[in-house]
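Trainee: This is the structure I want to talk about, given as structure tokens.
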Amino acid sequence: MTDRAMEGFAARASHGRVAAVGDVGAMTIVVIIILATMHVVSGFVPDYIMPSPVAVAKAGWKILTNDMLHVMATVGRLLLALLFSMIAGVLIGLVMGVSTTVRPFLRALVVIDTGIPALSWILLAVFWFKDPEVRIFFILTLILLPFYALNTYDGIRALPKDLVDMIESFRPSRWQVVRYLIAPHIVPYILLTTKSVVGYATRMVIFAELVAAAVGVGSRMGLAQSSFHIDEVMAWTFLLVLLNMALQLVVSGCEKVALKWRPEASVR
Amino acid sequence: MNEPPIPSGRTAIAAEPVISLNRVVKSFADFKVVDDLSFNVRRGEIVTLLGRTGAGKTTVLNLVMGTMRPDAGSVRVADHDPFRAFKALRGRMAVSFQTDRLLPWRTAVENAELGLLILGRPRREAREIAVSWLDRVGLSGAANKYVHELSGGMRQRVSLARALAVDPELVLLDESFSQLDHVTSTVLRRDFCALARRFEKTCLLVTHRIDDAIEMADRVIVLGANARIRLETTVPPASELGRLRHDIETALGPEAEQERSQTFG
């Protein structure tokens, strides 16, 4: 690598650190503006419309001290469903990518699934399953799985032909092609999918819990809303935003480790 | 690059053919890319297929690799039909391509050991062999670098190390040096020839560059349109290379001389 290229990497790494500091600064400013707006608005409207930031903070403290079980239940459901959808979706995507016989049938199934609204799955799950855990797992899996399957399939379709020809020149088995070429190639696609769906999955698990479970953040938010505790609804909302940010950070960390081979590209 | 002693090359070659094409025809749609092509490559020989762009050189290489089936005629590689007996040639043939075709998520040494792992060699043994080949191609200090951290010449060396590490009987080179600058290309060509002769590899090199052909090969086959042979000749001693170059340029047609003058300004 040339010195110029090395300088480029160093500059980009430095640029990345500056950007991260800038992101935190911007986030702090936006949060302060939101809190200030809440404070001002809460002075003019009743508490059940807009509680003050102090009331929301108190509700938040109450959640952190008394309701962590619900948070853990939600996070557990979310992670389990994400993990299962990832594994099953990637396997389906792999089969779609390598088997021309099965591909049209699986693709048809996945495309039909993407066309079914989340609400339909939620309502059907309530009818079909008694156990709330099964209901939520079923709903999340059917919503998330197509994303992984389709993106994995797209990743396989995007395999450079040059690399396929190269590995074929060693006359590998199909399993070896998957192991040495396809699997590492689709890692960025899996991580990108996870990054994209983690926020959506958080919203869906809350929605599913609201309708189909008695334990979890969704059910607690429903309870707070029905008893006019808007400060608790707000506190749960802030907590969910923090949870989503934490999950995004975890996925970004995984991305940094798994894709350390990939040079950071920046456009001037 | 470490300097193995360069054997004289262009010596007497055993008569046994490793590659044998007999009246091969290959068409795409209605266009005959290869028309009635026959030639042999004997064990330990380095043969160059030289031709202009579109002459059908890469198609011939694909037929030898076994990734394409001829429409007529026969292709034999080490006594096998490379298309029908695709797996039979496992580990006996390696290819170095025009571009390096390295896997970006693997380091230089991990790329060099890829063929060995596919052939089922134990991981530790594969690593040792890959490291020794990287050393031979002068990349011992870059073994743990990722592809984006290597220069074009270094990547092509890793690609050569990957091809040679599996210890194939036959090495196919598809314009392997044509993407590199003149100096790097010259050094790599010389190093490759030294390694190929030292380890007695049979090589079929496809190129459009006359320099590559006459500097590396024992024998040059010049292909015209539809991969028809226009000239087939052994490479003479250095003192007679001027005449060979002239013959090749004549065989390639008037544009060859023009291309040469454009290349060298």
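Chain lettering (A, B, ...) mirrors the order of the structure tokens, residue numbering begins at 1 for each chain separately, and ligand numbering begins at 1 in order of display.
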Tell me which protein, DNA and RNA residues are within 10 Å of Arg77 in chain A, counting only C-alpha atoms, leaving out same-chain ones fewer than 6 positions away, and put them as a ChimeraX atom specification.
Mentor: /A:71,83,133-134,136-137,140,202,205,209,216
Trainee: When the cut-off is 6 Å and we count only C-alpha atoms, which residues of chain A are near chain B, given as a ChimeraX atom specification?
Mentor: /A:1,163,171-172,261
Trainee: Any chance you could export the current selection's C-alpha atoms as an mmCIF file, in the first residue's frame?
Mentor:
```cif
data_model
loop_
_atom_site.group_PDB
_atom_site.id
_atom_site.type_symbol
_atom_site.label_atom_id
_atom_site.label_comp_id
_atom_site.auth_asym_id
_atom_site.auth_seq_id
_atom_site.Cartn_x
_atom_site.Cartn_y
_atom_site.Cartn_z
ATOM 1 C CA MET A 1 0.000 0.000 0.000
ATOM 2 C CA LEU A 163 -14.485 -14.948 -7.634
ATOM 3 C CA ARG A 171 -12.891 -27.822 -8.212
ATOM 4 C CA PRO A 172 -14.447 -27.480 -4.733
ATOM 5 C CA TRP A 261 -11.060 -6.471 6.287
#
```
Trainee: Which residue out of B:Leu188, B:Val109, B:Cys203, B:Ile129 has the minimum interatomic distance to Glu45 in chain B when only C-alpha atoms are used?
Mentor: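 Selected residue with least distance to Glu45 in chain B: B:Cys203.
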Trainee: Please indicate the distance in Å from CA of Arg69 in chain B to CA of Phe83 in chain B, rounded to one decimal place.
Mentor: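 Rounded to one decimal, the two atoms are 5.9 Å apart.
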Trainee: Determine the nearest neighbour of Arg230 in chain B from the options B:Gly253, B:Gly54, B:Pro17, B:Gly73, counting only C-alpha atoms.
Mentor: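 Of B:Gly253, B:Gly54, B:Pro17, B:Gly73, the one nearest Arg230 in chain B is B:Gly253, counting only C-alpha atoms.
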Trainee: Have a look at CA of Ala108 in chain B and CA of Ala143 in chain B and let me know their distance in Å, one decimal.
Mentor: 5.0 Å
Trainee: List the neighbours of His39 in chain A out to 10 Å using only C-alpha atoms; skip same-chain residues closer than 2 positions along the sequence, and give me the result as number ranges by chain.
Mentor: A: 33-37, 41-44, 50-54
Trainee: Those residues you just picked out, can you put them in a file as a PDB file, in the first residue's frame with N, CA, C and O atoms?
Mentor:
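For reference, part_26.pdb as written:
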```
ATOM      1  N   ILE A  33     -33.260  20.238  23.264  1.00  0.00           N
ATOM      2  CA  ILE A  33     -34.365  20.970  22.613  1.00  0.00           C
ATOM      3  C   ILE A  33     -35.694  20.270  22.892  1.00  0.00           C
ATOM      4  O   ILE A  33     -36.705  20.916  23.232  1.00  0.00           O
ATOM      5  N   ILE A  34     -35.715  18.928  22.799  1.00  0.00           N
ATOM      6  CA  ILE A  34     -36.965  18.176  23.060  1.00  0.00           C
ATOM      7  C   ILE A  34     -37.434  18.392  24.500  1.00  0.00           C
ATOM      8  O   ILE A  34     -38.623  18.668  24.759  1.00  0.00           O
ATOM      9  N   LEU A  35     -36.469  18.280  25.457  1.00  0.00           N
ATOM     10  CA  LEU A  35     -36.835  18.450  26.883  1.00  0.00           C
ATOM     11  C   LEU A  35     -37.340  19.863  27.146  1.00  0.00           C
ATOM     12  O   LEU A  35     -38.323  20.053  27.880  1.00  0.00           O
ATOM     13  N   ALA A  36     -36.675  20.849  26.538  1.00  0.00           N
ATOM     14  CA  ALA A  36     -37.096  22.242  26.734  1.00  0.00           C
ATOM     15  C   ALA A  36     -38.502  22.457  26.169  1.00  0.00           C
ATOM     16  O   ALA A  36     -39.352  23.106  26.811  1.00  0.00           O
ATOM     17  N   THR A  37     -38.764  21.884  25.006  1.00  0.00           N
ATOM     18  CA  THR A  37     -40.093  22.008  24.383  1.00  0.00           C
ATOM     19  C   THR A  37     -41.149  21.362  25.278  1.00  0.00           C
ATOM     20  O   THR A  37     -42.229  21.932  25.518  1.00  0.00           O
ATOM     21  N   VAL A  41     -44.275  23.323  26.872  1.00  0.00           N
ATOM     22  CA  VAL A  41     -45.646  22.900  26.524  1.00  0.00           C
ATOM     23  C   VAL A  41     -46.395  22.420  27.767  1.00  0.00           C
ATOM     24  O   VAL A  41     -47.589  22.699  27.941  1.00  0.00           O
ATOM     25  N   SER A  42     -45.675  21.710  28.672  1.00  0.00           N
ATOM     26  CA  SER A  42     -46.349  21.163  29.878  1.00  0.00           C
ATOM     27  C   SER A  42     -46.885  22.264  30.789  1.00  0.00           C
ATOM     28  O   SER A  42     -47.782  22.021  31.603  1.00  0.00           O
ATOM     29  N   GLY A  43     -46.361  23.472  30.636  1.00  0.00           N
ATOM     30  CA  GLY A  43     -46.868  24.596  31.435  1.00  0.00           C
ATOM     31  C   GLY A  43     -48.208  25.088  30.954  1.00  0.00           C
ATOM     32  O   GLY A  43     -48.912  25.804  31.685  1.00  0.00           O
ATOM     33  N   PHE A  44     -48.586  24.742  29.718  1.00  0.00           N
ATOM     34  CA  PHE A  44     -49.832  25.259  29.137  1.00  0.00           C
ATOM     35  C   PHE A  44     -50.929  24.213  28.994  1.00  0.00           C
ATOM     36  O   PHE A  44     -52.073  24.558  28.754  1.00  0.00           O
ATOM     37  N   MET A  50     -49.371  16.499  28.184  1.00  0.00           N
ATOM     38  CA  MET A  50     -47.914  16.591  28.119  1.00  0.00           C
ATOM     39  C   MET A  50     -47.352  16.771  29.536  1.00  0.00           C
ATOM     40  O   MET A  50     -47.438  17.855  30.110  1.00  0.00           O
ATOM     41  N   PRO A  51     -46.793  15.716  30.106  1.00  0.00           N
ATOM     42  CA  PRO A  51     -46.191  15.843  31.437  1.00  0.00           C
ATOM     43  C   PRO A  51     -44.869  16.606  31.352  1.00  0.00           C
ATOM     44  O   PRO A  51     -44.268  16.690  30.285  1.00  0.00           O
ATOM     45  N   SER A  52     -44.437  17.147  32.493  1.00  0.00           N
ATOM     46  CA  SER A  52     -43.152  17.866  32.512  1.00  0.00           C
ATOM     47  C   SER A  52     -42.002  16.856  32.446  1.00  0.00           C
ATOM     48  O   SER A  52     -42.178  15.687  32.817  1.00  0.00           O
ATOM     49  N   PRO A  53     -40.832  17.303  32.015  1.00  0.00           N
ATOM     50  CA  PRO A  53     -39.673  16.384  31.971  1.00  0.00           C
ATOM     51  C   PRO A  53     -39.371  15.785  33.344  1.00  0.00           C
ATOM     52  O   PRO A  53     -38.933  14.629  33.430  1.00  0.00           O
ATOM     53  N   VAL A  54     -39.632  16.556  34.416  1.00  0.00           N
ATOM     54  CA  VAL A  54     -39.361  16.033  35.768  1.00  0.00           C
ATOM     55  C   VAL A  54     -40.284  14.848  36.066  1.00  0.00           C
ATOM     56  O   VAL A  54     -39.840  13.815  36.586  1.00  0.00           O
TER      57      VAL A  54
END
```
Trainee: Which polymer residues have any atom within 10 Å of an atom of Val222 in chain B, counting only C-alpha atoms, with same-chain residues fewer than 3 positions away left out, as number ranges by chain?
Mentor: B: 48-52, 55, 57, 207-208, 210, 213, 219, 227-233, 247-249, 251-252
Trainee: Which of these residues is nearest to Phe127 in chain A, using only C-alpha atoms: A:Ala246, A:Ala212, A:Ile186, A:Val45?
Mentor: A:Ala212
Trainee: Residues of range 23-227 of chain B in strand (DSSP E) according to DSSP, as a PyMOL selection string?
Mentor: chain B and resi 23-28+31-42+46-51+72-77+93-96+170-174+202-207+219-223
